[in-house]
Structure formats: structure tokens, C-alpha cells
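One file, final22.cif, carrying mmCIF, C-alpha atoms, pLDDT in the B column; chains and numbers go by the auth columns:
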data_run
loop_
_atom_site.group_PDB
_atom_site.id
_atom_site.type_symbol
_atom_site.label_atom_id
_atom_site.label_comp_id
_atom_site.label_asym_id
_atom_site.label_seq_id
_atom_site.Cartn_x
_atom_site.Cartn_y
_atom_site.Cartn_z
_atom_site.B_iso_or_equiv
_atom_site.auth_seq_id
_atom_site.auth_asym_id
ATOM 1 C CA MET A 1 -22.682 13.836 9.264 47.00 1 B
ATOM 2 C CA THR A 2 -23.563 11.656 12.246 58.00 2 B
ATOM 3 C CA GLU A 3 -21.093 9.799 14.416 58.00 3 B
ATOM 4 C CA SER A 4 -21.975 6.506 12.688 69.00 4 B
ATOM 5 C CA TYR A 5 -20.605 7.929 9.435 74.00 5 B
ATOM 6 C CA LEU A 6 -17.796 10.071 10.816 86.00 6 B
ATOM 7 C CA SER A 7 -16.103 7.388 12.908 88.00 7 B
ATOM 8 C CA PRO A 8 -15.510 4.852 10.079 91.00 8 B
ATOM 9 C CA LEU A 9 -14.411 7.683 7.788 91.00 9 B
ATOM 10 C CA LEU A 10 -11.826 9.002 10.251 93.00 10 B
ATOM 11 C CA ILE A 11 -10.543 5.505 11.026 94.00 11 B
ATOM 12 C CA SER A 12 -10.258 4.700 7.310 94.00 12 B
ATOM 13 C CA LEU A 13 -8.477 7.955 6.493 93.00 13 B
ATOM 14 C CA LYS A 14 -6.035 7.483 9.357 95.00 14 B
ATOM 15 C CA THR A 15 -5.403 3.894 8.292 96.00 15 B
ATOM 16 C CA VAL A 16 -5.083 4.695 4.586 95.00 16 B
ATOM 17 C CA LEU A 17 -2.708 7.623 5.064 95.00 17 B
ATOM 18 C CA THR A 18 -0.493 5.639 7.429 96.00 18 B
ATOM 19 C CA THR A 19 -0.587 2.624 5.124 96.00 19 B
ATOM 20 C CA THR A 20 0.284 4.668 2.042 95.00 20 B
ATOM 21 C CA PHE A 21 3.237 6.265 3.833 96.00 21 B
ATOM 22 C CA ILE A 22 4.631 2.881 4.917 97.00 22 B
ATOM 23 C CA THR A 23 3.906 1.144 1.618 97.00 23 B
ATOM 24 C CA PHE A 24 5.521 3.981 -0.339 96.00 24 B
ATOM 25 C CA PHE A 25 8.943 3.399 1.191 96.00 25 B
ATOM 26 C CA LEU A 26 8.697 -0.389 1.462 96.00 26 B
ATOM 27 C CA GLY A 27 7.485 -0.708 -2.129 95.00 27 B
ATOM 28 C CA ILE A 28 10.162 1.586 -3.556 95.00 28 B
ATOM 29 C CA ALA A 29 12.938 -0.170 -1.640 95.00 29 B
ATOM 30 C CA ALA A 30 11.776 -3.633 -2.760 95.00 30 B
ATOM 31 C CA ALA A 31 11.125 -2.506 -6.343 95.00 31 B
ATOM 32 C CA ARG A 32 14.501 -0.815 -6.741 94.00 32 B
ATOM 33 C CA TRP A 33 16.309 -3.850 -5.403 94.00 33 B
ATOM 34 C CA MET A 34 14.410 -6.351 -7.548 94.00 34 B
ATOM 35 C CA ALA A 35 14.771 -4.206 -10.684 90.00 35 B
ATOM 36 C CA ARG A 36 18.525 -4.823 -10.541 87.00 36 B
ATOM 37 C CA TYR A 37 18.625 -8.220 -8.810 89.00 37 B
ATOM 38 C CA ASN A 38 19.298 -11.168 -11.102 87.00 38 B
ATOM 39 C CA GLY A 39 20.047 -13.883 -8.576 85.00 39 B
ATOM 40 C CA LYS A 40 18.704 -17.413 -8.768 87.00 40 B
ATOM 41 C CA TYR A 41 16.041 -16.668 -6.148 90.00 41 B
ATOM 42 C CA ARG A 42 14.528 -13.784 -8.115 91.00 42 B
ATOM 43 C CA SER A 43 11.375 -15.677 -9.113 92.00 43 B
ATOM 44 C CA ILE A 44 10.766 -16.925 -5.578 93.00 44 B
ATOM 45 C CA ILE A 45 11.238 -13.504 -3.987 94.00 45 B
ATOM 46 C CA ASP A 46 9.092 -11.865 -6.648 93.00 46 B
ATOM 47 C CA GLY A 47 6.366 -14.448 -6.035 93.00 47 B
ATOM 48 C CA VAL A 48 6.406 -13.791 -2.297 94.00 48 B
ATOM 49 C CA PHE A 49 6.062 -10.043 -2.840 95.00 49 B
ATOM 50 C CA ILE A 50 3.134 -10.463 -5.238 94.00 50 B
ATOM 51 C CA LEU A 51 1.392 -13.363 -3.474 94.00 51 B
ATOM 52 C CA PRO A 52 -1.087 -11.294 -1.379 94.00 52 B
ATOM 53 C CA ILE A 53 -2.702 -9.865 -4.492 92.00 53 B
ATOM 54 C CA VAL A 54 -3.631 -13.302 -5.862 92.00 54 B
ATOM 55 C CA LEU A 55 -4.753 -14.849 -2.574 93.00 55 B
ATOM 56 C CA PRO A 56 -8.253 -14.319 -1.151 92.00 56 B
ATOM 57 C CA PRO A 57 -8.020 -11.521 1.451 92.00 57 B
ATOM 58 C CA THR A 58 -9.487 -13.827 4.088 92.00 58 B
ATOM 59 C CA VAL A 59 -6.607 -16.254 3.525 94.00 59 B
ATOM 60 C CA VAL A 60 -4.120 -13.430 4.002 95.00 60 B
ATOM 61 C CA GLY A 61 -6.042 -12.354 7.095 94.00 61 B
ATOM 62 C CA PHE A 62 -5.943 -15.882 8.496 95.00 62 B
ATOM 63 C CA GLY A 63 -2.191 -16.016 7.947 94.00 63 B
ATOM 64 C CA LEU A 64 -1.756 -12.686 9.745 95.00 64 B
ATOM 65 C CA LEU A 65 -3.989 -13.893 12.561 93.00 65 B
ATOM 66 C CA VAL A 66 -1.830 -16.979 12.998 93.00 66 B
ATOM 67 C CA LEU A 67 1.329 -14.884 12.823 94.00 67 B
ATOM 68 C CA PHE A 68 0.209 -12.186 15.270 93.00 68 B
ATOM 69 C CA GLY A 69 -2.049 -14.365 17.414 88.00 69 B
ATOM 70 C CA LYS A 70 -1.328 -15.101 21.033 86.00 70 B
ATOM 71 C CA HIS A 71 0.569 -18.292 20.180 86.00 71 B
ATOM 72 C CA GLY A 72 2.026 -17.068 16.896 88.00 72 B
ATOM 73 C CA PRO A 73 5.732 -16.199 16.537 91.00 73 B
ATOM 74 C CA LEU A 74 5.228 -12.445 16.387 91.00 74 B
ATOM 75 C CA GLY A 75 2.301 -12.534 18.793 88.00 75 B
ATOM 76 C CA ALA A 76 4.357 -14.372 21.400 89.00 76 B
ATOM 77 C CA LEU A 77 7.164 -11.847 20.948 90.00 77 B
ATOM 78 C CA LEU A 78 4.793 -8.930 21.444 89.00 78 B
ATOM 79 C CA ASN A 79 3.362 -10.615 24.539 88.00 79 B
ATOM 80 C CA LEU A 80 6.769 -10.268 26.171 86.00 80 B
ATOM 81 C CA PHE A 81 6.230 -6.511 26.005 87.00 81 B
ATOM 82 C CA ASP A 82 2.607 -6.829 27.122 87.00 82 B
ATOM 83 C CA THR A 83 1.425 -5.740 23.663 88.00 83 B
ATOM 84 C CA SER A 84 -1.050 -7.254 21.256 89.00 84 B
ATOM 85 C CA VAL A 85 -1.813 -6.351 17.648 92.00 85 B
ATOM 86 C CA VAL A 86 -4.937 -8.453 17.105 92.00 86 B
ATOM 87 C CA PHE A 87 -8.179 -6.434 17.302 93.00 87 B
ATOM 88 C CA SER A 88 -6.349 -3.122 17.542 93.00 88 B
ATOM 89 C CA TRP A 89 -6.012 -0.141 15.196 94.00 89 B
ATOM 90 C CA PRO A 90 -2.439 -1.083 14.158 95.00 90 B
ATOM 91 C CA ALA A 91 -3.947 -4.330 12.853 95.00 91 B
ATOM 92 C CA THR A 92 -5.905 -2.336 10.253 95.00 92 B
ATOM 93 C CA VAL A 93 -2.643 -0.793 9.058 96.00 93 B
ATOM 94 C CA ILE A 94 -0.799 -4.122 8.935 96.00 94 B
ATOM 95 C CA ALA A 95 -3.574 -5.757 6.919 96.00 95 B
ATOM 96 C CA ALA A 96 -3.797 -2.820 4.512 96.00 96 B
ATOM 97 C CA VAL A 97 -0.022 -2.681 4.038 96.00 97 B
ATOM 98 C CA ILE A 98 0.161 -6.375 3.187 96.00 98 B
ATOM 99 C CA MET A 99 -2.690 -6.109 0.684 95.00 99 B
ATOM 100 C CA SER A 100 -1.572 -2.862 -1.003 95.00 100 B
ATOM 101 C CA PHE A 101 2.165 -3.609 -1.099 96.00 101 B
ATOM 102 C CA PRO A 102 2.024 -5.760 -4.286 96.00 102 B
ATOM 103 C CA LEU A 103 0.501 -2.916 -6.309 94.00 103 B
ATOM 104 C CA MET A 104 3.102 -0.460 -5.058 96.00 104 B
ATOM 105 C CA TYR A 105 5.885 -2.939 -5.677 96.00 105 B
ATOM 106 C CA MET A 106 4.885 -4.126 -9.152 95.00 106 B
ATOM 107 C CA THR A 107 4.135 -0.686 -10.574 93.00 107 B
ATOM 108 C CA SER A 108 7.275 0.890 -9.110 94.00 108 B
ATOM 109 C CA ARG A 109 9.434 -1.991 -10.306 94.00 109 B
ATOM 110 C CA GLY A 110 8.135 -1.470 -13.831 92.00 110 B
ATOM 111 C CA GLY A 111 9.204 2.155 -13.590 92.00 111 B
ATOM 112 C CA PHE A 112 12.683 1.299 -12.332 93.00 112 B
ATOM 113 C CA GLU A 113 13.141 -1.334 -15.027 92.00 113 B
ATOM 114 C CA GLN A 114 12.438 1.314 -17.685 91.00 114 B
ATOM 115 C CA VAL A 115 15.284 3.499 -16.446 90.00 115 B
ATOM 116 C CA ASP A 116 18.234 3.327 -18.833 88.00 116 B
ATOM 117 C CA VAL A 117 21.152 1.744 -16.992 88.00 117 B
ATOM 118 C CA ASN A 118 23.554 3.645 -19.236 90.00 118 B
ATOM 119 C CA ILE A 119 22.379 6.933 -17.724 90.00 119 B
ATOM 120 C CA GLU A 120 23.085 5.620 -14.233 89.00 120 B
ATOM 121 C CA ASN A 121 26.494 4.337 -15.360 89.00 121 B
ATOM 122 C CA ALA A 122 27.294 7.745 -16.845 91.00 122 B
ATOM 123 C CA ALA A 123 26.576 9.296 -13.458 89.00 123 B
ATOM 124 C CA ARG A 124 28.911 6.780 -11.808 88.00 124 B
ATOM 125 C CA THR A 125 31.731 7.693 -14.182 90.00 125 B
ATOM 126 C CA LEU A 126 31.296 11.300 -13.059 87.00 126 B
ATOM 127 C CA GLY A 127 31.894 10.229 -9.488 87.00 127 B
ATOM 128 C CA ALA A 128 28.342 10.362 -8.146 86.00 128 B
ATOM 129 C CA SER A 129 27.555 8.124 -5.186 88.00 129 B
ATOM 130 C CA GLU A 130 24.886 5.419 -5.448 87.00 130 B
ATOM 131 C CA TRP A 131 22.651 7.355 -3.068 90.00 131 B
ATOM 132 C CA LYS A 132 22.945 10.524 -5.161 91.00 132 B
ATOM 133 C CA ILE A 133 22.360 8.608 -8.385 90.00 133 B
ATOM 134 C CA PHE A 134 19.188 7.136 -6.939 91.00 134 B
ATOM 135 C CA TRP A 135 17.717 10.487 -5.907 90.00 135 B
ATOM 136 C CA THR A 136 18.914 12.650 -8.812 90.00 136 B
ATOM 137 C CA VAL A 137 18.755 10.203 -11.726 91.00 137 B
ATOM 138 C CA THR A 138 16.737 7.050 -11.014 92.00 138 B
ATOM 139 C CA MET A 139 13.859 8.562 -9.030 92.00 139 B
ATOM 140 C CA PRO A 140 13.115 11.425 -11.472 90.00 140 B
ATOM 141 C CA LEU A 141 13.038 8.995 -14.391 91.00 141 B
ATOM 142 C CA ALA A 142 10.841 6.476 -12.567 91.00 142 B
ATOM 143 C CA TRP A 143 8.654 9.089 -10.870 89.00 143 B
ATOM 144 C CA PRO A 144 5.550 8.746 -13.121 86.00 144 B
ATOM 145 C CA ALA A 145 5.326 5.031 -12.309 90.00 145 B
ATOM 146 C CA ILE A 146 5.932 5.696 -8.612 92.00 146 B
ATOM 147 C CA VAL A 147 3.115 8.246 -8.448 90.00 147 B
ATOM 148 C CA SER A 148 0.783 5.801 -10.193 88.00 148 B
ATOM 149 C CA ALA A 149 1.833 3.066 -7.767 92.00 149 B
ATOM 150 C CA THR A 150 1.168 5.316 -4.773 93.00 150 B
ATOM 151 C CA ILE A 151 -2.333 6.220 -5.943 90.00 151 B
ATOM 152 C CA LEU A 152 -3.156 2.571 -6.643 90.00 152 B
ATOM 153 C CA ALA A 153 -1.858 1.541 -3.211 93.00 153 B
ATOM 154 C CA PHE A 154 -3.937 4.301 -1.608 93.00 154 B
ATOM 155 C CA ALA A 155 -7.094 3.130 -3.372 91.00 155 B
ATOM 156 C CA ARG A 156 -6.422 -0.530 -2.561 92.00 156 B
ATOM 157 C CA SER A 157 -5.876 0.148 1.127 94.00 157 B
ATOM 158 C CA LEU A 158 -9.085 2.195 1.257 93.00 158 B
ATOM 159 C CA GLY A 159 -11.094 -0.775 0.009 90.00 159 B
ATOM 160 C CA GLU A 160 -9.391 -3.424 2.130 93.00 160 B
ATOM 161 C CA PHE A 161 -11.941 -5.608 3.929 93.00 161 B
ATOM 162 C CA GLY A 162 -11.220 -9.325 4.289 91.00 162 B
ATOM 163 C CA ALA A 163 -7.788 -9.283 5.887 94.00 163 B
ATOM 164 C CA THR A 164 -8.764 -6.300 8.050 94.00 164 B
ATOM 165 C CA LEU A 165 -11.853 -8.051 9.380 93.00 165 B
ATOM 166 C CA MET A 166 -9.860 -11.191 10.203 93.00 166 B
ATOM 167 C CA LEU A 167 -7.029 -9.406 12.031 94.00 167 B
ATOM 168 C CA ALA A 168 -8.627 -6.220 13.381 93.00 168 B
ATOM 169 C CA GLY A 169 -12.262 -7.239 13.733 91.00 169 B
ATOM 170 C CA ASN A 170 -15.157 -4.799 13.970 91.00 170 B
ATOM 171 C CA ILE A 171 -14.748 -2.533 16.977 89.00 171 B
ATOM 172 C CA PRO A 172 -16.725 0.711 16.501 88.00 172 B
ATOM 173 C CA GLY A 173 -14.562 3.761 16.986 88.00 173 B
ATOM 174 C CA LYS A 174 -11.383 1.676 16.908 91.00 174 B
ATOM 175 C CA THR A 175 -11.061 -0.777 14.004 91.00 175 B
ATOM 176 C CA ALA A 176 -14.327 -0.362 12.075 92.00 176 B
ATOM 177 C CA THR A 177 -13.110 1.011 8.744 93.00 177 B
ATOM 178 C CA ILE A 178 -15.584 2.037 6.045 93.00 178 B
ATOM 179 C CA PRO A 179 -15.667 -1.369 4.236 93.00 179 B
ATOM 180 C CA VAL A 180 -16.146 -3.183 7.561 93.00 180 B
ATOM 181 C CA ALA A 181 -18.828 -0.717 8.650 92.00 181 B
ATOM 182 C CA ILE A 182 -20.660 -1.166 5.338 93.00 182 B
ATOM 183 C CA TYR A 183 -20.756 -4.943 5.771 92.00 183 B
ATOM 184 C CA PHE A 184 -22.077 -4.856 9.324 92.00 184 B
ATOM 185 C CA ASN A 185 -24.600 -2.110 8.565 91.00 185 B
ATOM 186 C CA ILE A 186 -26.013 -4.296 5.796 91.00 186 B
ATOM 187 C CA GLN A 187 -26.057 -7.284 8.142 90.00 187 B
ATOM 188 C CA ALA A 188 -27.982 -5.202 10.681 88.00 188 B
ATOM 189 C CA GLY A 189 -30.418 -3.921 8.059 89.00 189 B
ATOM 190 C CA HIS A 190 -29.184 -0.316 8.241 88.00 190 B
ATOM 191 C CA MET A 191 -29.280 0.182 4.492 91.00 191 B
ATOM 192 C CA ASP A 192 -29.317 3.996 4.599 89.00 192 B
ATOM 193 C CA GLN A 193 -26.105 4.114 6.629 89.00 193 B
ATOM 194 C CA ALA A 194 -24.494 1.511 4.392 90.00 194 B
ATOM 195 C CA LEU A 195 -25.488 3.457 1.269 92.00 195 B
ATOM 196 C CA THR A 196 -24.014 6.674 2.657 90.00 196 B
ATOM 197 C CA LEU A 197 -20.708 4.950 3.374 91.00 197 B
ATOM 198 C CA VAL A 198 -20.739 3.375 -0.097 92.00 198 B
ATOM 199 C CA VAL A 199 -21.142 6.825 -1.646 93.00 199 B
ATOM 200 C CA ILE A 200 -18.233 8.135 0.435 91.00 200 B
ATOM 201 C CA VAL A 201 -15.988 5.300 -0.765 91.00 201 B
ATOM 202 C CA LEU A 202 -17.088 5.817 -4.362 92.00 202 B
ATOM 203 C CA VAL A 203 -16.267 9.527 -4.223 92.00 203 B
ATOM 204 C CA ILE A 204 -12.815 8.975 -2.724 90.00 204 B
ATOM 205 C CA SER A 205 -12.033 6.082 -5.084 87.00 205 B
ATOM 206 C CA PHE A 206 -13.212 7.992 -8.152 89.00 206 B
ATOM 207 C CA ALA A 207 -11.128 10.998 -7.111 88.00 207 B
ATOM 208 C CA SER A 208 -8.093 8.716 -6.790 83.00 208 B
ATOM 209 C CA LEU A 209 -8.627 7.226 -10.239 83.00 209 B
ATOM 210 C CA ALA A 210 -9.205 10.674 -11.736 86.00 210 B
ATOM 211 C CA ALA A 211 -5.951 11.858 -10.183 80.00 211 B
ATOM 212 C CA LEU A 212 -4.174 8.830 -11.634 78.00 212 B
ATOM 213 C CA ALA A 213 -5.602 9.459 -15.114 81.00 213 B
ATOM 214 C CA TYR A 214 -4.640 13.124 -14.902 77.00 214 B
ATOM 215 C CA TRP A 215 -1.123 12.261 -13.840 70.00 215 B
ATOM 216 C CA LYS A 216 -0.680 9.740 -16.658 70.00 216 B
ATOM 217 C CA GLY A 217 -1.864 12.282 -19.197 71.00 217 B
ATOM 218 C CA LYS A 218 0.511 14.877 -17.805 67.00 218 B
ATOM 219 C CA ALA A 219 3.406 12.410 -17.664 62.00 219 B
ATOM 220 C CA ARG A 220 3.013 11.555 -21.365 64.00 220 B
ATOM 221 C CA LYS A 221 3.549 15.200 -22.244 62.00 221 B
ATOM 222 C CA THR A 222 6.484 15.697 -19.903 58.00 222 B
ATOM 223 C CA VAL A 223 9.937 14.297 -20.566 49.00 223 B
ATOM 224 C CA PRO A 224 11.873 13.873 -17.308 48.00 224 B
ATOM 225 C CA ILE A 225 14.984 16.026 -17.216 46.00 225 B
ATOM 226 C CA VAL A 226 18.017 14.500 -15.607 46.00 226 B
ATOM 227 C CA PRO A 227 19.903 17.113 -13.570 48.00 227 B
ATOM 228 C CA GLU A 228 23.154 18.143 -15.229 47.00 228 B
ATOM 229 C CA THR A 229 24.939 18.538 -11.932 45.00 229 B
ATOM 230 C CA LEU A 230 25.526 15.234 -10.185 46.00 230 B
#

What is this structure when it is put down as C-alpha cells?
Amino acid sequence: MTESYLSPLLISLKTVLTTTFITFFLGIAAARWMARYNGKYRSIIDGVFILPIVLPPTVVGFGLLVLFGKHGPLGALLNLFDTSVVFSWPATVIAAVIMSFPLMYMTSRGGFEQVDVNIENAARTLGASEWKIFWTVTMPLAWPAIVSATILAFARSLGEFGATLMLAGNIPGKTATIPVAIYFNIQAGHMDQALTLVVIVLVISFASLAALAYWKGKARKTVPIVPETL
């Protein structure tokens, strides 16, 4: 594999793995909170969390560019520390996190909402702390949905293009992820290189979907067991 193929692949893998790690915890925290939150602002908060998935990625990218730009609120704050996010590798992670978060959040929330509250209440009557209930009762019961959410977030971050291009740009060896590299290879007429990168994305994406299908099939046959000792 030549450098023109290896560089976008390594950048994408580094971005996707970092994004999935961040999105995993952010999505679970938001989903668990919203699954039990019934305040009057529920619809508004839920809409904000889901909004990136219904907006064109370029619109999300423009918003991030304004936010992290030199004169943006976060950009100006980072300038105080002589740091900039725009056109840097962290920008690829930020864009991918924003775009993959809704999938992680929505799927995980569905899993948490399916957890029987009576089981959690039974654990409380036995004196278990909220933290212990979450890890020993809620998470095992919601785990199939969480795994599905993680795989979907992984696949979505791998294919992220519009927001990444707007915020991170196309800097070979630095911010040129596979989708960005495919676009610019096609623009430059390098169809063979673009096709190779397309095949790489297809293989990784298909493997992700196959893993998701396998997990769902396995989850249907497995009944989560709630630990007896709380």
C-alpha cells in the first residue's frame, strides 16, 4: 500500500477510534439522563441532541467553523492559549463527534428506556447506591442497545465528510481522512486511488454492519442476567 493510501487510512482510524471513545461516554451519559428526565425542556434538549443528524453536514461544519474560528467564542478562548482547532487533526475528531453523537444518543436512550424501573427500584430498596445500580443493573440490561449504538457511531464517524472538510480542511498527512481524500482524488482525476480508498471504506463499513447484525442475533438469544448481589 502506497503512502497515498496509508496516510488517509491511518488518519481515519485514529480519528474514528478517538471519536468512538469520546462519543461512547458522552452518548451514554446524555441517554441515561434523558431516559429518566421528564422536565418541561425535554423536547428542546432532545431536539438539540438530535439536530446534527437532520442538518446537512456542511451546515454543521459551518456552525463549528464559526464557533471555533478566530473570532468565534471558543476560537477566541483558545487564542488566549495560543491554540487553534481549525485545520488541525483535533478538528476531524470534533466534527466526527458532533455528527456521530445523535446515533449513539438515540440508540442508547432507547435501550435505557426499555429497562424496567421496578428492577432499579428493587435494587434501591436493598441499599444499592445509584452508581452501583447503574453499573450492575441498568448497563447490563441496556447493553445490547449500547453495543449497537457504538457500532453505528463508529460507522458514521468513518464516513464523515462535510463537517470535517469545513472545519479541518484537506491537509495531506494531517487532516485528510479517507472520505476527504476520495473527494479530492476524484477532483484531481486520480480515479484508481479514489477507487482503492472506496474499497477500503466499503470493507470496514461492511465489517461494522456485519458485527452489528451478529450482535443483534446473539442478543435475541441471550437474556441479560441481573447480578443477585448488589

For range 132-209 of chain B against range 80-92 of chain B, with a cut-off of 8 Å and counting all atoms listed in the file, what is the closest atom pair and its distance in Å to one decimal for every residue that makes the cut, ordered by chain and number, as a Markdown table?
| residue | atom | partner | partner_atom | distance |
| --- | --- | --- | --- | --- |
| B:Thr164 | CA | B:Thr92 | CA | 5.4 |
| B:Leu167 | CA | B:Val86 | CA | 5.6 |
| B:Ala168 | CA | B:Phe87 | CA | 4.0 |
| B:Gly169 | CA | B:Phe87 | CA | 5.5 |
| B:Asn170 | CA | B:Phe87 | CA | 7.9 |
| B:Ile171 | CA | B:Phe87 | CA | 7.6 |
| B:Lys174 | CA | B:Trp89 | CA | 5.9 |
| B:Thr175 | CA | B:Trp89 | CA | 5.2 |

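Between CA of Asn185 in chain B and CA of Phe206 in chain B the separation is 22.6 Å.
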
Who sits within 12 Å of Ala95 in chain B, all atoms listed in the file, same chain under 3 positions skipped, as a VMD selection string: chain B and resid 15 to 16 18 to 19 23 52 57 to 65 67 to 68 85 to 92 98 to 101 156 to 169 175 177

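Here CA of Pro8 in chain B stands at a distance of 7.7 Å from CA of Pro172 in chain B.
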
Padded axis-aligned box of range 195-211 of chain B (8 Å per side), centre and edge lengths, Å, one decimal, as AutoDock Vina command-line options:
--center_x -15.7 --center_y 7.6 --center_z -4.2 --size_x 35.5 --size_y 24.5 --size_z 31.1

Neighbour list for Leu209 in chain B as a list in words, cut-off 12 Å, only C-alpha atoms, skip fewer than 3 positions in-chain: Val147, Ser148, Ala149, Thr150, Ile151, Leu152, Ala153, Phe154, Ala155, Arg156, Leu202, Val203, Ile204, Ser205, Phe206, Leu212, Ala213, Tyr214, Trp215 and Lys216 of chain B

d(CA of Thr138 in chain B, CA of Ile94 in chain B) in Å: 28.8 Å

Who sits within 8 Å of Gly110 in chain B, only C-alpha atoms, same chain under 3 positions skipped, as a PyMOL selection string: chain B and resi 35+106-107+113-114+145

Residue nearest Leu10 in chain B among B:Leu26, B:Ala211, B:Leu126, B:Ile200 (counting all atoms listed in the file): B:Ile200

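Proximity of B:Gly173, B:Gly189, B:Pro73, B:Pro179 to Leu6 in chain B, computed with all atoms listed in the file, is greatest for B:Gly173.
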
Option closest in space to Leu103 in chain B, from B:Ser43, B:Gln193, B:Thr20, B:Ser208 [counting all atoms listed in the file]: B:Thr20

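Taking all atoms listed in the file into account, Pro102 in chain B lies nearest to B:Ile53 out of the set B:Ile53, B:Asn38, B:Ser12, B:Ala29.
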
From B:Phe49, B:Tyr5, B:Phe184, B:Phe112, residue lying nearest Met139 in chain B [all atoms listed in the file]: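 The answer is B:Phe112, which sits nearest to Met139 in chain B.
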
Which residue of B:Val198, B:Glu130, B:Val93, B:Ile146 approaches Leu13 in chain B most closely, using all atoms listed in the file: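 Distance minimum relative to Leu13 in chain B lands on B:Val93.
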
Distance query Ile182 in chain B at most 8 Å, all atoms listed in the file, self and fewer than 4 positions along chain excluded, as a ChimeraX atom specification: /B:178,186,193-195,197-198
